[in-house]
Amino acid sequence: MLLKAMIKEEWRIHSTLFGSFLFASFPVILLVFSFIGSLFIPVFLLIVPGRTMALMAHYIFVMFGVSVGAFGLFGREVMNRRFGQASLLAYSSRTLPVSERSIFLDFFIKDIIFYFILWILPITAGIGLALPLIQINFNAFLALLTLTLSFLLGLSATFFLSTIYAHSSRAFLAIFILILLVLATGFNLSLFSLPSLSLFYFPTAEKLYSNLVLIIVPSSLSLFFLKVEYPQKKRQFKNSLDPLSGSIGTKYSQFIAKDFLDLQRSEGGMGKIIFSFLFPLLILWFLLYIFLKFLPNANFLVSFSLFLGIISSSIYNWLTEFDLFSTYAFLPVKVSSVMKSKLISYAIINTISVAILLVATFFSGYLVFLLPAFLTFLTVSSYTLAITVYLTGLYPNVLLYNAKNFALYVLLITPVLLVMIFVSILNPFYLVLSPLILPVSFLIIRKSFKKWNSWEGPVF
Amino acid sequence: MNVIEVKKLTKSFGELKAVNGLSLSIGEGELFGLLGPNGSGKTTTVKVLTGQLKPDSGQIKVLGTDVLKNPVSVRKVVGIMPEQENPPSFLTAEEYLHFVAKIRKIDVSDIDHWFSFLDFEDEKNVLCKDLSRGTRQKLMFAQTFLHEPKLAFIDEPLINLDPIIQRKVKDYLTDYVKNKKTIFFCTHVLEIAEEICTSIGILYKGKLIHEGPIKDLRKKRKSLEDFFLKLVREN
């Protein structure tokens with residue numbers, strides 16, 4: 001009953017902003033892109049063995065699950081504030097005779113259903129529809145099952161780890177180091193033992209059950225130990241806004257200071273950086289490591305920096321998660337002013353990505369490629385951000401599900417990335433010229449300000 | 001001098017005409033009460049008059065400035081207390097007032113006065129999300145008058161306040177307009193409007209069905225409640 005109402009609610013949040021048709025078209029557009037992309041599988045198979053491609057596909061879905069699975073950090077606060085002031089059922093139903101855990105379970109299942117319908121099903125269906133045309137033979141329904149399981153394995157693992165993090169960051173750190181040690185010692189040997197991938201190759205009931213156990217047990221434990229009731233005491237802080245904004249010293253310093261206080265004081269603050277950013281990057285590191293074995297001309301560090309640039313643009317999504325423009329609409333503030341402040345905050349937080357790039361340079365030993373890698377990262381990050389800002393303004397978490405926006409997002413970003421990948425294979429040093437795209441990014445961002453200043457904010 | 005001039009203002013949301021051909025003039029020093037049942041278009045009217053929403057048609061001048069052309073300039077000089085918006089969750093009450101003061105480029109030295117005046121000094125370091133609804137309302141009231149605007153729009157400002165603070169706020173508002181300042185006060189609580197307003201407008205289904213000084217009602221020895229109910233029934 002509550003689950004059904006939550007599904008309706010999620011639908012209405014999106015359809016209120018851009019209409020039911022454009023929201024319903026999102027998976028269709030994704031299916032079309034997946035279908036078109038799948039037509040090129042035979043080309044990839046000339047370079048990469050089929051088994052490696054299947055492995056990568058499954059790990060990409062694990063990475064997807066990892067990046068969205070930090071439910072343990074949500075608690076009540078984020079559930080309520082996911083869309084600013086909107087009072088969501090996950091919060092308001094606390095007045096009903098239903099336990100918080102049961103509300104959260106419904107919320108969790110609702111999110112999984114949406115991820116399945118909006119992402120997993122259309123991507124797999126696109127691949128399945130292309131199979132007869134590319135004359136490759138594998139069971140698309142089995143792939144749908146195993147890719148879904150991969151997503152759920154990543155999601156449940158992150159749910160479990162984030163729940164531990166919410167209770168004790170030290171315990172989390174200890175487990176995280178243990179995982180890293182296990183990965184560092186035996187990762188290559190165990191790559192194909194990913195339970196969902198194993199099921200893809202050897203579909204047996206036992207393997208299916210083991211997958212389900214590995215999903216249900218950590219998720220159930222997480223739900224059981226979920227820190228739903230954060231302390232009810234009133235949290236107090238001395239005025240940190242003034243010193244912080246004083247040290248920033250720009251026209252938008254008070255907004256930037258607020259962004260940092262939001263991240264610092266919200267329950268998911270640092271955890272969000274770890275679970276939505278560092279974990280997926282760690283998986284990306286290993287995926288590239290495997291994939292680039294088949295592309296000897298491609299440089300690991302430059303390729304990593306390219307994907308780092310894409311993933312880092314998600315920082316903008318976190319920054320816009322805490323408030324709607326309506327929080328400021330009654331003050332003498334333009335939408336573009338808030339956007340500018342978010343972009344400065346983005347640039348500051350993105351120094352984490354630069355630090356990651358330096359760490360990656362150290363571990364990969366490609367110091368000589370640091371300059372092209374850095375410029376590639378800078379270019380991709382700025383361009384992806386510019387497109388995101390232009391298409392979605394201050395609402396990337398919602399408006400990217402507008403089918404038209406999503407189609408434009410893919411069509412505007414993919415060609416640039418493909419050209420850069422191609423150039424990096426020719427010679428990674430050619431990418432020192434990639435900042436030539438930067439003026440285009442700046443121009444798009446300037447156009448975004450004009451566009452979003454004239455946009456009337458959403459009313460929930 | 002009129003501080004608000006509105007001509008044939010219309011605002012729709014899809015099929016719904018939230019404001020329908022509203023024309024209105026409000027003079028300096030008035031405490032104007034915009035009254036109406038729930039959903040009559042009061043909040044939409046405030047949002048359009050302060051440039052937060054764009055009208056479908058009509059003209060609006062606030063303090064001599066065309067709102068459609070310069071919405072931010074208007075919001076610089078007026079104060080607005082919205083009905084629904086809350087202060088940002090992860091700032092403390094004090095930080096929020098400093099935040100607003102910085103946006104409005106005003107001195108922060110007078111901020112402490114608001115905590116004592118509205119009796120929430122003990123909570124100035126509490127995160128806004130942890131404040132009670134009433135305290136949040138006090139905070140939003142304080143941010144509205146922080147820069148002592150010539151014109152303030154306040155939407156249901158008393159609804160969550162206790163009787164002691166209500167009295168203080170009502171006295172503050174009646175004193176405020178004595179200094180040639182103007183207040184545009186939205187409410188559906190007729191007793192409060194009758195007590196403090198100098199003039200009223202009654203909005204029903206987006207249309208202004210009455211406008212005039214409150215003293216006219218007093219002369220006719222009519223209660224605002226009887227007058228309001230009769231008018232709404234007739235329309």
# chains A, B, ... in the order shown; residues from 1 in each chain; ligands from 1

$ interface_residues --of "chain A" --to "chain B" --cutoff "7 Å" --atoms "only C-alpha atoms" --output "PyMOL selection string"
chain A and resi 234-239+241+254+261-262+265-266+327+329-334+456

$ residues_around --residues "Tyr165 in chain A" --least-positions-apart "5" --cutoff "10 Å" --atoms "only C-alpha atoms" --output "NGL selection string"
:A and (70 or 72-73 or 159-160 or 170-173 or 175 or 268 or 271)

$ residues_around --residues "Phe185 in chain B" --least-positions-apart "2" --cutoff "6 Å" --atoms "only C-alpha atoms" --output "list in words"
Phe32, Gly33, Leu34, Ile154 and Ile183 of chain B

$ atom_distance --atom1 "CA of Gly65 in chain A" --atom2 "CA of Lys342 in chain A"
26.6 Å

$ atom_distance --atom1 "CA of Ile4 in chain B" --atom2 "CA of Leu22 in chain B"
12.3 Å

$ atom_distance --atom1 "CA of Ile177 in chain A" --atom2 "CA of Leu278 in chain A"
13.5 Å

$ select_by_dssp --residues "range 288-428 of chain A" --states "helix (DSSP H, G or I)" --output "ChimeraX atom specification"
/A:288-294,300-312,315-319,325-327,335-349,351-364,367-392,396-399,403-426,428

$ residues_around --residues "range 136-140 of chain A" --least-positions-apart "3" --cutoff "9 Å" --atoms "only C-alpha atoms" --output "list in words"
Ile41, Pro42, Thr124, Ala125, Ile127, Gly128, Leu129, Ala130, Leu131, Pro132, Leu133, Ala143, Leu144, Leu145 and Phe200 of chain A

$ select_by_dssp --residues "range 178-225 of chain B" --states "strand (DSSP E)" --output "ChimeraX atom specification"
/B:182-187,199-204,207-213

$ write_last_selection --atoms "N, CA, C and O atoms" --output "PDB file, in the first residue's frame"
ATOM      1  N   THR B 182       4.763  50.372   4.700  1.00  0.00           N
ATOM      2  CA  THR B 182       3.539  49.682   4.283  1.00  0.00           C
ATOM      3  C   THR B 182       3.690  48.177   4.474  1.00  0.00           C
ATOM      4  O   THR B 182       4.779  47.635   4.274  1.00  0.00           O
ATOM      5  N   ILE B 183       2.588  47.557   4.830  1.00  0.00           N
ATOM      6  CA  ILE B 183       2.602  46.096   4.977  1.00  0.00           C
ATOM      7  C   ILE B 183       1.458  45.491   4.173  1.00  0.00           C
ATOM      8  O   ILE B 183       0.316  45.960   4.230  1.00  0.00           O
ATOM      9  N   PHE B 184       1.815  44.471   3.406  1.00  0.00           N
ATOM     10  CA  PHE B 184       0.844  43.701   2.627  1.00  0.00           C
ATOM     11  C   PHE B 184       0.731  42.361   3.342  1.00  0.00           C
ATOM     12  O   PHE B 184       1.663  41.564   3.331  1.00  0.00           O
ATOM     13  N   PHE B 185      -0.418  42.152   3.962  1.00  0.00           N
ATOM     14  CA  PHE B 185      -0.562  41.066   4.927  1.00  0.00           C
ATOM     15  C   PHE B 185      -1.603  40.061   4.423  1.00  0.00           C
ATOM     16  O   PHE B 185      -2.781  40.401   4.281  1.00  0.00           O
ATOM     17  N   CYS B 186      -1.152  38.842   4.128  1.00  0.00           N
ATOM     18  CA  CYS B 186      -2.082  37.811   3.649  1.00  0.00           C
ATOM     19  C   CYS B 186      -2.532  36.946   4.809  1.00  0.00           C
ATOM     20  O   CYS B 186      -1.690  36.439   5.562  1.00  0.00           O
ATOM     21  N   THR B 187      -3.814  36.735   4.913  1.00  0.00           N
ATOM     22  CA  THR B 187      -4.293  35.854   5.983  1.00  0.00           C
ATOM     23  C   THR B 187      -5.710  35.368   5.700  1.00  0.00           C
ATOM     24  O   THR B 187      -6.432  35.954   4.887  1.00  0.00           O
ATOM     25  N   SER B 199      -6.738  48.626   5.882  1.00  0.00           N
ATOM     26  CA  SER B 199      -7.615  48.387   4.729  1.00  0.00           C
ATOM     27  C   SER B 199      -7.544  46.910   4.360  1.00  0.00           C
ATOM     28  O   SER B 199      -6.579  46.232   4.721  1.00  0.00           O
ATOM     29  N   ILE B 200      -8.570  46.462   3.644  1.00  0.00           N
ATOM     30  CA  ILE B 200      -8.591  45.036   3.282  1.00  0.00           C
ATOM     31  C   ILE B 200      -9.001  44.840   1.825  1.00  0.00           C
ATOM     32  O   ILE B 200      -9.633  45.699   1.204  1.00  0.00           O
ATOM     33  N   GLY B 201      -8.599  43.685   1.298  1.00  0.00           N
ATOM     34  CA  GLY B 201      -9.087  43.235   0.010  1.00  0.00           C
ATOM     35  C   GLY B 201      -9.530  41.801   0.202  1.00  0.00           C
ATOM     36  O   GLY B 201      -8.888  41.056   0.950  1.00  0.00           O
ATOM     37  N   ILE B 202     -10.628  41.422  -0.445  1.00  0.00           N
ATOM     38  CA  ILE B 202     -11.080  40.027  -0.297  1.00  0.00           C
ATOM     39  C   ILE B 202     -10.960  39.337  -1.651  1.00  0.00           C
ATOM     40  O   ILE B 202     -11.516  39.805  -2.657  1.00  0.00           O
ATOM     41  N   LEU B 203     -10.192  38.276  -1.638  1.00  0.00           N
ATOM     42  CA  LEU B 203      -9.926  37.529  -2.865  1.00  0.00           C
ATOM     43  C   LEU B 203     -10.724  36.230  -2.812  1.00  0.00           C
ATOM     44  O   LEU B 203     -10.685  35.514  -1.817  1.00  0.00           O
ATOM     45  N   TYR B 204     -11.422  35.944  -3.892  1.00  0.00           N
ATOM     46  CA  TYR B 204     -12.191  34.705  -3.932  1.00  0.00           C
ATOM     47  C   TYR B 204     -12.077  34.120  -5.333  1.00  0.00           C
ATOM     48  O   TYR B 204     -12.386  34.783  -6.323  1.00  0.00           O
ATOM     49  N   LYS B 207     -10.367  36.293  -7.881  1.00  0.00           N
ATOM     50  CA  LYS B 207     -10.922  37.622  -8.189  1.00  0.00           C
ATOM     51  C   LYS B 207     -11.014  38.456  -6.926  1.00  0.00           C
ATOM     52  O   LYS B 207     -11.403  37.945  -5.875  1.00  0.00           O
ATOM     53  N   LEU B 208     -10.713  39.731  -7.056  1.00  0.00           N
ATOM     54  CA  LEU B 208     -10.841  40.633  -5.918  1.00  0.00           C
ATOM     55  C   LEU B 208     -12.308  41.069  -5.841  1.00  0.00           C
ATOM     56  O   LEU B 208     -12.789  41.819  -6.693  1.00  0.00           O
ATOM     57  N   ILE B 209     -13.002  40.579  -4.829  1.00  0.00           N
ATOM     58  CA  ILE B 209     -14.442  40.868  -4.762  1.00  0.00           C
ATOM     59  C   ILE B 209     -14.755  42.030  -3.821  1.00  0.00           C
ATOM     60  O   ILE B 209     -15.899  42.481  -3.739  1.00  0.00           O
ATOM     61  N   HIS B 210     -13.758  42.514  -3.101  1.00  0.00           N
ATOM     62  CA  HIS B 210     -13.974  43.702  -2.262  1.00  0.00           C
ATOM     63  C   HIS B 210     -12.637  44.359  -1.970  1.00  0.00           C
ATOM     64  O   HIS B 210     -11.626  43.688  -1.807  1.00  0.00           O
ATOM     65  N   GLU B 211     -12.638  45.693  -1.915  1.00  0.00           N
ATOM     66  CA  GLU B 211     -11.438  46.420  -1.495  1.00  0.00           C
ATOM     67  C   GLU B 211     -11.884  47.696  -0.801  1.00  0.00           C
ATOM     68  O   GLU B 211     -12.777  48.393  -1.305  1.00  0.00           O
ATOM     69  N   GLY B 212     -11.307  48.008   0.334  1.00  0.00           N
ATOM     70  CA  GLY B 212     -11.670  49.250   0.998  1.00  0.00           C
ATOM     71  C   GLY B 212     -11.116  49.346   2.403  1.00  0.00           C
ATOM     72  O   GLY B 212     -10.586  48.366   2.944  1.00  0.00           O
ATOM     73  N   PRO B 213     -11.238  50.535   3.024  1.00  0.00           N
ATOM     74  CA  PRO B 213     -10.723  50.713   4.387  1.00  0.00           C
ATOM     75  C   PRO B 213     -11.543  49.910   5.395  1.00  0.00           C
ATOM     76  O   PRO B 213     -12.755  49.751   5.227  1.00  0.00           O
TER      77      PRO B 213
END

$ residues_around --residues "Leu295 in chain A" --least-positions-apart "5" --cutoff "9 Å" --atoms "only C-alpha atoms" --output "list in words"
Ile47, Val48 and Ile425 of chain A

$ closest_residue --among "B:Pro37, B:Ile192, B:Gly64, B:Val46" --to "Asn2 in chain B" --atoms "only C-alpha atoms"
B:Gly64
